[in-house]
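Trainee: The following file, start_38.cif, comprises mmCIF, C-alpha atoms (C1' of nucleotides):
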```cif
data_model
#
loop_
_atom_site.label_atom_id
_atom_site.label_comp_id
_atom_site.auth_asym_id
_atom_site.auth_seq_id
_atom_site.Cartn_x
_atom_site.Cartn_y
_atom_site.Cartn_z
CA MET M 1046 79.74 -45.32 112.50
CA ARG M 1047 81.76 -45.15 115.63
CA ILE M 1048 84.04 -47.65 117.30
CA THR M 1049 83.57 -48.32 121.01
CA TYR M 1050 86.10 -50.01 123.27
CA LYS M 1051 84.13 -53.20 122.88
CA GLY M 1052 84.60 -53.09 119.13
CA ASP M 1053 88.21 -52.08 119.52
CA TYR M 1054 88.93 -55.05 121.80
CA ALA M 1055 86.97 -57.37 119.51
CA MET M 1056 89.06 -56.41 116.50
CA LYS M 1057 92.32 -56.60 118.40
CA ALA M 1058 91.37 -59.98 119.85
CA LEU M 1059 90.54 -61.33 116.39
CA LEU M 1060 93.80 -59.96 115.01
CA ASP M 1061 95.63 -61.62 117.91
CA LEU M 1062 93.90 -64.94 117.23
CA SER M 1063 94.62 -64.54 113.53
CA ILE M 1064 98.31 -64.14 114.28
CA HIS M 1065 98.17 -67.24 116.47
CA TYR M 1066 95.98 -69.15 114.03
CA GLU M 1067 96.81 -72.88 113.87
CA LEU M 1068 98.74 -72.65 117.13
CA GLY M 1069 95.77 -73.99 119.13
CA VAL M 1070 93.62 -72.16 121.63
CA SER M 1071 94.59 -69.09 123.63
CA THR M 1072 93.18 -68.40 127.09
CA ILE M 1073 91.28 -65.21 127.77
CA ASN M 1074 94.06 -64.19 130.14
CA ASP M 1075 96.76 -64.55 127.50
CA ILE M 1076 94.75 -62.63 124.90
CA ALA M 1077 93.96 -59.91 127.43
CA LYS M 1078 97.64 -59.49 128.26
CA ARG M 1079 98.70 -59.40 124.63
CA ILE M 1080 96.14 -56.82 123.53
CA ASP M 1081 96.07 -54.96 126.86
CA ALA M 1082 92.35 -55.37 127.64
CA PRO M 1083 90.49 -55.86 130.96
CA VAL M 1084 90.08 -59.62 131.39
CA LYS M 1085 86.45 -59.68 132.54
CA PHE M 1086 85.36 -57.27 129.86
CA LEU M 1087 87.19 -59.26 127.21
CA GLU M 1088 85.27 -62.32 128.40
CA GLN M 1089 82.02 -60.70 127.32
CA VAL M 1090 83.48 -59.58 124.04
CA LEU M 1091 84.78 -63.05 123.21
CA LEU M 1092 81.47 -64.61 124.19
CA ASP M 1093 79.77 -62.20 121.84
CA LEU M 1094 82.22 -63.05 119.07
CA LYS M 1095 81.45 -66.72 119.70
CA LYS M 1096 77.73 -66.14 119.27
CA GLY M 1097 78.56 -64.34 116.05
CA GLY M 1098 80.44 -67.38 114.79
CA PHE M 1099 83.82 -65.66 114.65
CA VAL M 1100 85.52 -67.75 117.34
CA GLU M 1101 85.05 -71.08 119.05
CA SER M 1102 86.00 -72.12 122.57
CA ARG M 1103 86.98 -75.06 124.73
CA ARG M 1104 86.29 -75.21 128.43
CA GLY M 1105 88.36 -76.81 131.13
CA ASN M 1106 91.98 -77.07 132.03
CA VAL M 1107 93.35 -76.72 128.51
CA GLY M 1108 90.54 -74.50 127.33
CA GLY M 1109 90.64 -71.25 125.47
CA TYR M 1110 89.57 -69.50 122.30
CA GLN M 1111 90.54 -69.82 118.66
CA LEU M 1112 89.19 -68.58 115.36
CA ALA M 1113 86.15 -70.48 114.11
CA LYS M 1114 87.21 -70.03 110.48
CA ASP M 1115 90.10 -69.03 108.28
CA PRO M 1116 91.13 -65.41 108.96
CA ALA M 1117 91.00 -64.83 105.20
CA LYS M 1118 87.25 -65.38 105.43
CA ILE M 1119 86.65 -62.83 108.18
CA THR M 1120 86.43 -59.23 107.03
CA LEU M 1121 86.72 -56.17 109.21
CA GLY M 1122 83.31 -55.08 107.96
CA GLN M 1123 81.65 -58.26 109.25
CA VAL M 1124 83.07 -57.71 112.73
CA VAL M 1125 82.29 -54.01 112.90
CA ARG M 1126 78.71 -54.54 111.76
CA TYR M 1127 78.23 -57.39 114.21
CA ILE M 1128 79.66 -55.60 117.25
CA GLU M 1129 78.79 -51.98 116.57
CA GLY M 1130 75.66 -52.36 114.48
CA PRO M 1131 74.91 -50.75 111.11
CA ILE M 1132 77.67 -48.50 109.84
CA GLU M 1133 75.29 -45.89 108.50
CA PRO M 1134 75.75 -42.68 110.50
CA ILE M 1135 72.04 -41.94 110.84
CA SER M 1136 68.97 -44.04 111.43
CA CYS M 1137 67.12 -42.68 108.43
CA VAL M 1138 69.58 -44.38 106.10
CA GLU M 1139 69.08 -47.77 107.67
CA LYS M 1140 65.43 -47.98 106.73
CA ASN M 1141 64.81 -48.72 103.10
CA TYR M 1142 62.09 -46.19 102.36
CA ALA M 1143 60.26 -46.77 99.11
CA LYS M 1144 59.54 -43.06 99.00
CA CYS M 1145 60.70 -40.33 101.29
CA ILE M 1146 57.99 -37.97 102.48
CA ASP M 1147 60.28 -35.36 103.98
CA LEU M 1148 62.31 -33.88 101.13
CA GLY M 1149 64.97 -32.49 103.45
CA CYS M 1150 65.44 -35.81 105.17
CA CYS M 1151 65.62 -37.53 101.81
CA LEU M 1152 68.33 -35.13 100.70
CA PHE M 1153 70.59 -35.83 103.65
CA ARG M 1154 69.83 -39.51 103.46
CA GLU M 1155 71.49 -39.73 100.06
CA ILE M 1156 74.64 -38.20 101.50
CA TRP M 1157 74.84 -40.55 104.48
CA GLN M 1158 74.26 -43.43 102.12
CA LYS M 1159 77.26 -42.30 100.11
CA VAL M 1160 79.33 -42.06 103.29
CA ALA M 1161 78.22 -45.54 104.32
CA ASP M 1162 79.07 -46.93 100.88
CA ALA M 1163 82.53 -45.38 100.98
CA THR M 1164 83.12 -46.83 104.43
CA SER M 1165 81.89 -50.25 103.34
CA GLY M 1166 84.21 -50.13 100.36
CA ILE M 1167 87.12 -49.90 102.74
CA ILE M 1168 86.27 -52.21 105.63
CA ASP M 1169 84.59 -54.93 103.57
CA ASN M 1170 87.76 -55.40 101.56
CA ILE M 1171 90.07 -56.03 104.49
CA SER M 1172 90.34 -59.56 105.90
CA PHE M 1173 92.02 -60.59 109.12
CA SER M 1174 94.66 -62.48 107.18
CA ASP M 1175 95.49 -59.20 105.46
CA LEU M 1176 95.79 -57.60 108.87
CA ALA M 1177 97.91 -60.45 110.27
CA ASN M 1178 100.25 -60.19 107.27
CA LYS M 1179 100.56 -56.45 107.68
CA TYR M 1180 101.20 -56.92 111.37
CA ASN M 1181 104.03 -59.37 110.75
CA ALA M 1182 105.54 -57.09 108.12
CA LYS M 1183 105.45 -54.17 110.53
CA LYS M 1184 106.95 -56.29 113.27
CA GLU M 1185 109.93 -57.14 111.09
CA VAL M 1186 110.54 -53.53 110.19
CA PHE M 1187 110.22 -52.65 113.86
CA ALA M 1188 112.73 -55.38 114.82
CA TYR M 1189 115.27 -54.17 112.26
CA SER M 1190 114.95 -50.59 113.41
CA ILE M 1191 116.24 -51.44 116.90
CA MET P 383 81.12 -40.68 112.89
CA ARG P 384 77.51 -40.76 113.91
CA ILE P 385 74.72 -38.23 113.59
CA THR P 386 72.59 -37.49 116.65
CA TYR P 387 69.20 -35.81 116.63
CA LYS P 388 70.94 -32.60 117.59
CA GLY P 389 73.09 -32.78 114.47
CA ASP P 390 70.12 -33.82 112.38
CA TYR P 391 68.08 -30.81 113.54
CA ALA P 392 71.07 -28.51 113.07
CA MET P 393 71.51 -29.57 109.44
CA LYS P 394 67.81 -29.39 108.69
CA ALA P 395 67.55 -25.96 110.31
CA LEU P 396 70.47 -24.67 108.25
CA LEU P 397 68.96 -26.12 105.09
CA ASP P 398 65.67 -24.45 105.98
CA LEU P 399 67.41 -21.11 106.54
CA SER P 400 69.33 -21.59 103.29
CA ILE P 401 66.09 -22.07 101.42
CA HIS P 402 64.72 -18.90 103.04
CA TYR P 403 67.99 -17.00 102.61
CA GLU P 404 67.46 -13.30 101.82
CA LEU P 405 63.84 -13.51 102.98
CA GLY P 406 64.69 -12.08 106.41
CA VAL P 407 64.61 -13.83 109.75
CA SER P 408 62.57 -16.88 110.71
CA THR P 409 61.32 -17.47 114.25
CA ILE P 410 62.30 -20.61 116.13
CA ASN P 411 58.67 -21.65 116.06
CA ASP P 412 58.42 -21.40 112.29
CA ILE P 413 61.63 -23.30 111.76
CA ALA P 414 60.56 -25.96 114.25
CA LYS P 415 57.27 -26.45 112.40
CA ARG P 416 58.91 -26.62 109.01
CA ILE P 417 61.57 -29.16 109.97
CA ASP P 418 59.40 -30.96 112.55
CA ALA P 419 61.62 -30.46 115.60
CA PRO P 420 60.80 -29.89 119.31
CA VAL P 421 60.81 -26.10 119.81
CA LYS P 422 62.75 -25.96 123.08
CA PHE P 423 65.34 -28.40 121.84
CA LEU P 424 65.75 -26.50 118.61
CA GLU P 425 66.35 -23.38 120.72
CA GLN P 426 69.52 -24.91 122.10
CA VAL P 427 70.62 -26.15 118.73
CA LEU P 428 70.19 -22.72 117.15
CA LEU P 429 72.00 -21.08 120.05
CA ASP P 430 74.85 -23.48 119.49
CA LEU P 431 74.87 -22.74 115.76
CA LYS P 432 75.01 -19.04 116.63
CA LYS P 433 78.07 -19.58 118.82
CA GLY P 434 79.60 -21.46 115.91
CA GLY P 435 79.05 -18.48 113.64
CA PHE P 436 76.61 -20.24 111.33
CA VAL P 437 73.54 -18.13 112.14
CA GLU P 438 72.72 -14.75 113.62
CA SER P 439 69.64 -13.64 115.54
CA ARG P 440 67.45 -10.67 116.40
CA ARG P 441 65.44 -10.41 119.58
CA GLY P 442 62.10 -8.81 120.11
CA ASN P 443 58.84 -8.55 118.33
CA VAL P 444 60.19 -9.05 114.83
CA GLY P 445 63.06 -11.25 115.94
CA GLY P 446 64.26 -14.56 114.61
CA TYR P 447 67.18 -16.36 113.03
CA GLN P 448 68.91 -16.13 109.69
CA LEU P 449 72.13 -17.43 108.18
CA ALA P 450 75.24 -15.49 109.22
CA LYS P 451 76.89 -16.02 105.84
CA ASP P 452 76.21 -17.10 102.30
CA PRO P 453 74.99 -20.74 102.20
CA ALA P 454 77.61 -21.38 99.51
CA LYS P 455 80.24 -20.76 102.16
CA ILE P 456 78.87 -23.26 104.68
CA THR P 457 79.79 -26.89 104.08
CA LEU P 458 78.13 -29.91 105.58
CA GLY P 459 81.50 -30.95 106.95
CA GLN P 460 81.87 -27.75 108.95
CA VAL P 461 78.50 -28.23 110.59
CA VAL P 462 78.97 -31.94 111.33
CA ARG P 463 82.39 -31.36 112.87
CA TYR P 464 81.12 -28.45 114.94
CA ILE P 465 78.05 -30.21 116.30
CA GLU P 466 79.14 -33.84 116.46
CA GLY P 467 82.88 -33.45 116.96
CA PRO P 468 85.66 -35.18 115.01
CA ILE P 469 84.43 -37.48 112.28
CA GLU P 470 87.08 -40.13 112.94
CA PRO P 471 85.36 -43.29 114.18
CA ILE P 472 87.89 -44.04 116.91
CA SER P 473 89.80 -41.94 119.42
CA CYS P 474 93.18 -43.33 118.41
CA VAL P 475 92.90 -41.66 115.01
CA GLU P 476 92.22 -38.25 116.46
CA LYS P 477 95.57 -38.02 118.20
CA ASN P 478 98.45 -37.39 115.88
CA TYR P 479 100.95 -39.89 117.24
CA ALA P 480 104.49 -39.38 116.05
CA LYS P 481 105.03 -43.06 116.48
CA CYS P 482 102.62 -45.77 117.49
CA ILE P 483 103.85 -48.12 120.20
CA ASP P 484 101.12 -50.73 119.82
CA LEU P 485 101.50 -52.28 116.38
CA GLY P 486 97.96 -53.61 116.36
CA CYS P 487 96.51 -50.24 117.24
CA CYS P 488 98.63 -48.59 114.60
CA LEU P 489 97.33 -51.02 112.01
CA PHE P 490 93.69 -50.27 112.66
CA ARG P 491 94.44 -46.58 112.96
CA GLU P 492 95.48 -46.44 109.31
CA ILE P 493 92.15 -47.96 108.33
CA TRP P 494 90.03 -45.53 110.36
CA GLN P 495 92.07 -42.71 108.92
CA LYS P 496 91.15 -43.92 105.43
CA VAL P 497 87.49 -44.07 106.44
CA ALA P 498 87.66 -40.56 107.86
CA ASP P 499 89.34 -39.26 104.70
CA ALA P 500 86.69 -40.84 102.51
CA THR P 501 83.95 -39.31 104.64
CA SER P 502 85.61 -35.90 104.57
CA GLY P 503 85.88 -36.12 100.80
CA ILE P 504 82.12 -36.31 100.65
CA ILE P 505 80.84 -33.93 103.31
CA ASP P 506 83.48 -31.23 102.83
CA ASN P 507 82.44 -30.84 99.21
CA ILE P 508 78.76 -30.19 99.83
CA SER P 509 77.63 -26.65 100.61
CA PHE P 510 74.23 -25.58 101.85
CA SER P 511 73.56 -23.77 98.60
CA ASP P 512 74.08 -27.12 96.84
CA LEU P 513 71.59 -28.63 99.24
CA ALA P 514 69.09 -25.82 98.77
CA ASN P 515 69.33 -26.16 94.99
CA LYS P 516 68.84 -29.90 95.18
CA TYR P 517 65.90 -29.36 97.49
CA ASN P 518 64.20 -26.99 95.07
CA ALA P 519 64.83 -29.34 92.16
CA LYS P 520 63.28 -32.21 94.08
CA LYS P 521 60.34 -30.07 95.07
CA GLU P 522 59.58 -29.33 91.44
CA VAL P 523 59.73 -32.98 90.46
CA PHE P 524 57.53 -33.78 93.42
CA ALA P 525 55.01 -31.08 92.40
CA TYR P 526 54.83 -32.40 88.84
CA SER P 527 54.26 -35.96 90.02
CA ILE P 528 50.99 -35.04 91.76
"C1'" DC L 1308 53.20 -1.13 129.72
"C1'" DC L 1309 52.44 -5.37 127.11
"C1'" DT L 1310 53.48 -8.79 123.88
"C1'" DT L 1311 56.58 -11.31 121.24
"C1'" DT L 1312 60.57 -12.91 120.53
"C1'" DG L 1313 65.45 -14.81 121.77
"C1'" DT L 1314 68.82 -16.18 126.04
"C1'" DC L 1315 70.30 -18.79 129.66
"C1'" DT L 1316 70.43 -22.09 133.44
"C1'" DA L 1317 69.01 -26.00 135.48
"C1'" DC L 1318 66.84 -30.30 135.59
"C1'" DT L 1319 65.34 -35.12 134.24
"C1'" DA L 1320 64.31 -39.59 132.22
"C1'" DA L 1321 66.28 -42.84 129.47
"C1'" DG L 1322 69.83 -45.08 127.37
"C1'" DT L 1323 74.82 -46.47 126.52
"C1'" DC L 1324 79.46 -47.61 127.76
"C1'" DT L 1325 82.83 -49.85 130.48
"C1'" DA L 1326 83.56 -52.43 133.21
"C1'" DT L 1327 83.11 -55.49 138.01
"C1'" DT L 1328 81.22 -59.18 140.83
"C1'" DA L 1329 79.81 -63.55 141.85
"C1'" DA L 1330 77.73 -67.88 141.09
"C1'" DC L 1331 77.99 -71.71 137.95
"C1'" DA L 1332 79.51 -75.40 134.33
"C1'" DT L 1333 83.01 -78.09 132.24
"C1'" DA L 1334 87.26 -80.53 131.33
"C1'" DG L 1335 91.48 -82.31 132.50
"C1'" DT L 1336 94.73 -84.02 136.27
"C1'" DA L 1337 96.56 -85.81 140.81
"C1'" DT E 1239 87.03 -88.60 143.84
"C1'" DA E 1240 88.81 -83.96 144.74
"C1'" DC E 1241 91.13 -80.15 142.80
"C1'" DT E 1242 92.14 -76.61 139.67
"C1'" DA E 1243 91.95 -74.01 135.56
"C1'" DT E 1244 89.22 -72.61 132.41
"C1'" DG E 1245 84.81 -70.76 129.99
"C1'" DT E 1246 79.45 -69.22 130.90
"C1'" DT E 1247 76.00 -66.42 132.48
"C1'" DA E 1248 73.40 -62.93 134.88
"C1'" DA E 1249 73.30 -58.99 137.63
"C1'" DT E 1250 74.85 -54.67 138.94
"C1'" DA E 1251 77.10 -50.04 139.18
"C1'" DG E 1252 79.14 -45.65 138.07
"C1'" DA E 1253 80.09 -42.39 134.62
"C1'" DC E 1254 78.61 -40.41 130.70
"C1'" DT E 1255 75.61 -39.02 126.76
"C1'" DT E 1256 71.26 -38.07 124.63
"C1'" DA E 1257 67.01 -35.83 124.02
"C1'" DG E 1258 64.37 -33.34 125.71
"C1'" DT E 1259 61.49 -29.97 129.46
"C1'" DA E 1260 60.70 -25.97 132.57
"C1'" DG E 1261 61.08 -21.58 133.98
"C1'" DA E 1262 63.12 -17.20 134.79
"C1'" DC E 1263 65.27 -13.44 132.27
"C1'" DA E 1264 66.43 -9.84 128.46
"C1'" DA E 1265 65.48 -7.14 124.55
"C1'" DA E 1266 62.80 -5.00 120.85
"C1'" DG E 1267 58.68 -2.95 119.10
"C1'" DG E 1268 53.90 -1.09 119.36
#
```
Would you mind writing the structure in this file as structure tokens?
Mentor:
Amino acid sequence: MRITYKGDYAMKALLDLSIHYELGVSTINDIAKRIDAPVKFLEQVLLDLKKGGFVESRRGNVGGYQLAKDPAKITLGQVVRYIEGPIEPISCVEKNYAKCIDLGCCLFREIWQKVADATSGIIDNISFSDLANKYNAKKEVFAYSI
Amino acid sequence: MRITYKGDYAMKALLDLSIHYELGVSTINDIAKRIDAPVKFLEQVLLDLKKGGFVESRRGNVGGYQLAKDPAKITLGQVVRYIEGPIEPISCVEKNYAKCIDLGCCLFREIWQKVADATSGIIDNISFSDLANKYNAKKEVFAYSI
DNA sequence: CCTTTGTCTACTAAGTCTATTAACATAGTA
DNA sequence: TACTATGTTAATAGACTTAGTAGACAAAGG
């Protein structure tokens, strides 16, 4: 697995919308400013997230984006898989071979499967409400430290 | 982390040389046939592995490649890091920030660090002698099943 | 010498990543 | 209705990476 800028922006945008959940829609411009992303690129990312059912949008003068569901029901794993594709580090792992012809390939495959499982164990157990809570906690600590 | 074909060939070549350890050198052509890799591409990979100190070579009529050290002293992690670069899935993790300005970034960074640690825990504890042993064990089972 | 091998440099075709541009659709407001 | 602010969509471009390919060169042995 690797995280591209697209994925990075997608996760930050969803965290931003999680923090602003129930405060109505946010415009692309506002989100872009808050997470420091190029506006036109963020457009594509948000559109993609909309297709994936993570966010919903409203056009027009008071338009914008908001989460399509409760942030507690969106996991980091769902987003990463949707934006970046399978988390397995090698293509061989992705295919569910009944039997592996190449013994060497089969050997490594087991290892990458373990790596993928370990990764899943982490990112599938983190929701965006967890992240929003952590963010707010950090913000408080940060505010006190000034 | 992701594994490219280059990394895939590198690992398979090292496994192949581990299996043939103490049997003298193998030519690029032989290795390529055994692991099913393009000869000229494997050339570059082996040259790279030589620069990394994993293999050594002999030119000429009886030339070829062999492991530069005991397969028990080569871990999968070493090879992956050398060929593919840092295993952290995002650039932010790679830099050792004293303090993170962007709270959101910092939040995700912790997660990718966890993922990287979990991955390291797996691949840093597998040596090529482990792999060679597993390979031979599998080969026996495979032979019996025919 | 000749053959067989590794060494090295350069090149390429294809794909991915990170945007940018511009035309268009929609919803609210004056 | 006209205007403006917003989201929608398709196309494109430059930089970079990937996965090879080609060919000249160097060394070792017979």
Trainee: Apply the PyMOL selection byres ((chain P) within 10 of (chain M)) to the file shown and report the selected residues as an NGL selection string.
Mentor: :P and (383-387 or 389-390 or 393-395 or 397-398 or 417-418 or 458 or 469-473 or 484-490 or 493-494 or 496-505 or 508 or 513-514 or 516-518 or 520-521 or 524)
Trainee: Evaluate the PyMOL selection byres ((chain E and resi 1255) around 8) on the structure here and hand back the selected residues as a list of chain:residue names.
Mentor: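 Output from the PyMOL selection byres ((chain E and resi 1255) around 8), applied to this file: L:DT1323, E:DC1254, E:DT1256.
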Trainee: Need to verify the contact set: DT1247 of chain E, 12 Å, only C-alpha atoms (C1' of nucleotides), exclusion of same-chain residues closer than 2 positions in sequence. Can you return it as a PyMOL selection string?
Mentor: (chain M and resi 1088-1089+1092) or (chain L and resi 1329-1332) or (chain E and resi 1245+1249)
Trainee: For the selection you just gave me, I'd like the residues written to a file as a PDB file, in the coordinates of the input, keeping C-alpha atoms (C1' of nucleotides).
Mentor:
```pdb
ATOM      1  CA  GLU M1088      85.270 -62.320 128.400  1.00  0.00           C
ATOM      2  CA  GLN M1089      82.020 -60.700 127.320  1.00  0.00           C
ATOM      3  CA  LEU M1092      81.470 -64.610 124.190  1.00  0.00           C
TER       4      LEU M1092
ATOM      5  C1'  DA L1329      79.810 -63.550 141.850  1.00  0.00           C
ATOM      6  C1'  DA L1330      77.730 -67.880 141.090  1.00  0.00           C
ATOM      7  C1'  DC L1331      77.990 -71.710 137.950  1.00  0.00           C
ATOM      8  C1'  DA L1332      79.510 -75.400 134.330  1.00  0.00           C
TER       9       DA L1332
ATOM     10  C1'  DG E1245      84.810 -70.760 129.990  1.00  0.00           C
ATOM     11  C1'  DA E1249      73.300 -58.990 137.630  1.00  0.00           C
TER      12       DA E1249
END
```
Trainee: What would the selection look like, as a count of residues only, if the PyMOL selection byres ((chain M) within 12 of (chain E)) were run on the coordinates I just shared?
Mentor: 22
Trainee: Any chance you could lay chain P over chain M, fitting all C-alpha atoms in order by least squares, and write the moved chain as a CSV table (one decimal) with C-alpha atoms, in the frame of the given file?
Mentor:
```
chain,number,residue,atom,x,y,z
P,383,MET,CA,79.7,-45.3,112.4
P,384,ARG,CA,81.7,-45.2,115.6
P,385,ILE,CA,84.0,-47.7,117.2
P,386,THR,CA,83.5,-48.3,121.0
P,387,TYR,CA,86.0,-50.0,123.2
P,388,LYS,CA,84.0,-53.2,122.9
P,389,GLY,CA,84.5,-53.1,119.1
P,390,ASP,CA,88.2,-52.1,119.5
P,391,TYR,CA,88.9,-55.1,121.8
P,392,ALA,CA,86.9,-57.4,119.5
P,393,MET,CA,89.0,-56.4,116.5
P,394,LYS,CA,92.3,-56.6,118.4
P,395,ALA,CA,91.3,-60.0,119.9
P,396,LEU,CA,90.5,-61.4,116.4
P,397,LEU,CA,93.8,-60.0,115.0
P,398,ASP,CA,95.6,-61.6,117.9
P,399,LEU,CA,93.9,-65.0,117.3
P,400,SER,CA,94.6,-64.6,113.5
P,401,ILE,CA,98.3,-64.1,114.3
P,402,HIS,CA,98.2,-67.2,116.5
P,403,TYR,CA,96.0,-69.2,114.0
P,404,GLU,CA,96.9,-72.9,113.9
P,405,LEU,CA,98.8,-72.6,117.2
P,406,GLY,CA,95.9,-74.0,119.2
P,407,VAL,CA,93.7,-72.1,121.7
P,408,SER,CA,94.7,-69.1,123.7
P,409,THR,CA,93.2,-68.4,127.1
P,410,ILE,CA,91.3,-65.2,127.8
P,411,ASN,CA,94.0,-64.1,130.2
P,412,ASP,CA,96.7,-64.5,127.5
P,413,ILE,CA,94.7,-62.6,124.9
P,414,ALA,CA,93.9,-59.9,127.5
P,415,LYS,CA,97.6,-59.4,128.3
P,416,ARG,CA,98.6,-59.4,124.6
P,417,ILE,CA,96.1,-56.8,123.5
P,418,ASP,CA,96.0,-54.9,126.9
P,419,ALA,CA,92.3,-55.4,127.7
P,420,PRO,CA,90.4,-55.8,131.0
P,421,VAL,CA,90.0,-59.6,131.4
P,422,LYS,CA,86.4,-59.7,132.6
P,423,PHE,CA,85.3,-57.3,129.9
P,424,LEU,CA,87.1,-59.3,127.2
P,425,GLU,CA,85.2,-62.3,128.5
P,426,GLN,CA,82.0,-60.8,127.3
P,427,VAL,CA,83.4,-59.6,124.1
P,428,LEU,CA,84.8,-63.1,123.3
P,429,LEU,CA,81.5,-64.7,124.2
P,430,ASP,CA,79.7,-62.3,121.9
P,431,LEU,CA,82.2,-63.1,119.1
P,432,LYS,CA,81.5,-66.8,119.7
P,433,LYS,CA,77.7,-66.2,119.3
P,434,GLY,CA,78.6,-64.4,116.1
P,435,GLY,CA,80.5,-67.5,114.8
P,436,PHE,CA,83.8,-65.7,114.7
P,437,VAL,CA,85.6,-67.8,117.4
P,438,GLU,CA,85.1,-71.2,119.1
P,439,SER,CA,86.1,-72.2,122.6
P,440,ARG,CA,87.1,-75.1,124.8
P,441,ARG,CA,86.5,-75.3,128.5
P,442,GLY,CA,88.6,-76.9,131.2
P,443,ASN,CA,92.2,-77.2,132.0
P,444,VAL,CA,93.6,-76.8,128.5
P,445,GLY,CA,90.7,-74.6,127.4
P,446,GLY,CA,90.8,-71.3,125.5
P,447,TYR,CA,89.7,-69.5,122.3
P,448,GLN,CA,90.6,-69.9,118.7
P,449,LEU,CA,89.2,-68.6,115.4
P,450,ALA,CA,86.2,-70.5,114.1
P,451,LYS,CA,87.2,-70.1,110.5
P,452,ASP,CA,90.1,-69.1,108.3
P,453,PRO,CA,91.1,-65.5,109.0
P,454,ALA,CA,91.0,-64.9,105.2
P,455,LYS,CA,87.3,-65.5,105.4
P,456,ILE,CA,86.6,-62.9,108.2
P,457,THR,CA,86.4,-59.3,107.0
P,458,LEU,CA,86.7,-56.2,109.2
P,459,GLY,CA,83.3,-55.2,107.9
P,460,GLN,CA,81.6,-58.3,109.2
P,461,VAL,CA,83.0,-57.8,112.7
P,462,VAL,CA,82.2,-54.1,112.9
P,463,ARG,CA,78.7,-54.6,111.7
P,464,TYR,CA,78.2,-57.5,114.2
P,465,ILE,CA,79.6,-55.7,117.2
P,466,GLU,CA,78.7,-52.0,116.5
P,467,GLY,CA,75.6,-52.4,114.4
P,468,PRO,CA,74.9,-50.8,111.1
P,469,ILE,CA,77.6,-48.5,109.8
P,470,GLU,CA,75.2,-45.9,108.5
P,471,PRO,CA,75.7,-42.7,110.5
P,472,ILE,CA,72.0,-41.9,110.8
P,473,SER,CA,68.9,-43.9,111.4
P,474,CYS,CA,67.1,-42.5,108.4
P,475,VAL,CA,69.6,-44.3,106.1
P,476,GLU,CA,69.0,-47.7,107.7
P,477,LYS,CA,65.4,-47.9,106.7
P,478,ASN,CA,64.8,-48.6,103.1
P,479,TYR,CA,62.1,-46.0,102.4
P,480,ALA,CA,60.2,-46.6,99.2
P,481,LYS,CA,59.6,-42.9,99.0
P,482,CYS,CA,60.7,-40.2,101.3
P,483,ILE,CA,58.0,-37.8,102.5
P,484,ASP,CA,60.4,-35.1,104.0
P,485,LEU,CA,62.4,-33.7,101.1
P,486,GLY,CA,65.1,-32.3,103.4
P,487,CYS,CA,65.5,-35.7,105.1
P,488,CYS,CA,65.7,-37.4,101.8
P,489,LEU,CA,68.4,-35.0,100.7
P,490,PHE,CA,70.7,-35.8,103.6
P,491,ARG,CA,69.8,-39.4,103.4
P,492,GLU,CA,71.5,-39.7,100.0
P,493,ILE,CA,74.7,-38.2,101.5
P,494,TRP,CA,74.8,-40.5,104.5
P,495,GLN,CA,74.3,-43.4,102.1
P,496,LYS,CA,77.3,-42.3,100.1
P,497,VAL,CA,79.3,-42.1,103.3
P,498,ALA,CA,78.2,-45.6,104.3
P,499,ASP,CA,79.1,-46.9,100.8
P,500,ALA,CA,82.5,-45.4,101.0
P,501,THR,CA,83.1,-46.9,104.4
P,502,SER,CA,81.9,-50.3,103.3
P,503,GLY,CA,84.2,-50.2,100.3
P,504,ILE,CA,87.1,-50.0,102.7
P,505,ILE,CA,86.2,-52.3,105.6
P,506,ASP,CA,84.6,-55.0,103.5
P,507,ASN,CA,87.7,-55.5,101.6
P,508,ILE,CA,90.1,-56.1,104.5
P,509,SER,CA,90.3,-59.6,105.9
P,510,PHE,CA,92.0,-60.6,109.1
P,511,SER,CA,94.7,-62.5,107.2
P,512,ASP,CA,95.5,-59.2,105.5
P,513,LEU,CA,95.8,-57.6,108.9
P,514,ALA,CA,97.9,-60.5,110.2
P,515,ASN,CA,100.2,-60.2,107.3
P,516,LYS,CA,100.5,-56.5,107.7
P,517,TYR,CA,101.2,-56.9,111.4
P,518,ASN,CA,104.0,-59.4,110.7
P,519,ALA,CA,105.5,-57.1,108.1
P,520,LYS,CA,105.4,-54.2,110.5
P,521,LYS,CA,106.9,-56.3,113.3
P,522,GLU,CA,109.9,-57.1,111.1
P,523,VAL,CA,110.5,-53.5,110.2
P,524,PHE,CA,110.2,-52.6,113.8
P,525,ALA,CA,112.7,-55.3,114.8
P,526,TYR,CA,115.2,-54.1,112.2
P,527,SER,CA,114.9,-50.5,113.4
P,528,ILE,CA,116.2,-51.3,116.9
```
Trainee: With 6 Å as the limit and counting only C-alpha atoms (C1' of nucleotides), what residues in chain L lie close to chain M? Please list them as a list in words.
Mentor: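 Using only C-alpha atoms (C1' of nucleotides), chain L residues at most 6 Å from chain M: DT1333, DA1334 and DG1335 of chain L.
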Trainee: What is the atom CA of Gly1098 of chain M to atom CA of Tyr1054 of chain M distance in Å?
Mentor: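 Taking atom CA of Gly1098 of chain M and atom CA of Tyr1054 of chain M, their separation equals 16.5 Å.
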Trainee: Just the number, please: distance in Å from atom CA of Ala454 of chain P to atom CA of Leu399 of chain P, one decimal.
Mentor: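 Taking atom CA of Ala454 of chain P as the start and atom CA of Leu399 of chain P as the end point, the length is 12.4 Å.
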Trainee: In Å, with one decimal, what is the gap from atom CA of Ser1172 of chain M to atom CA of Tyr1066 of chain M?
Mentor: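 Here the two named atoms are 13.8 Å from each other.
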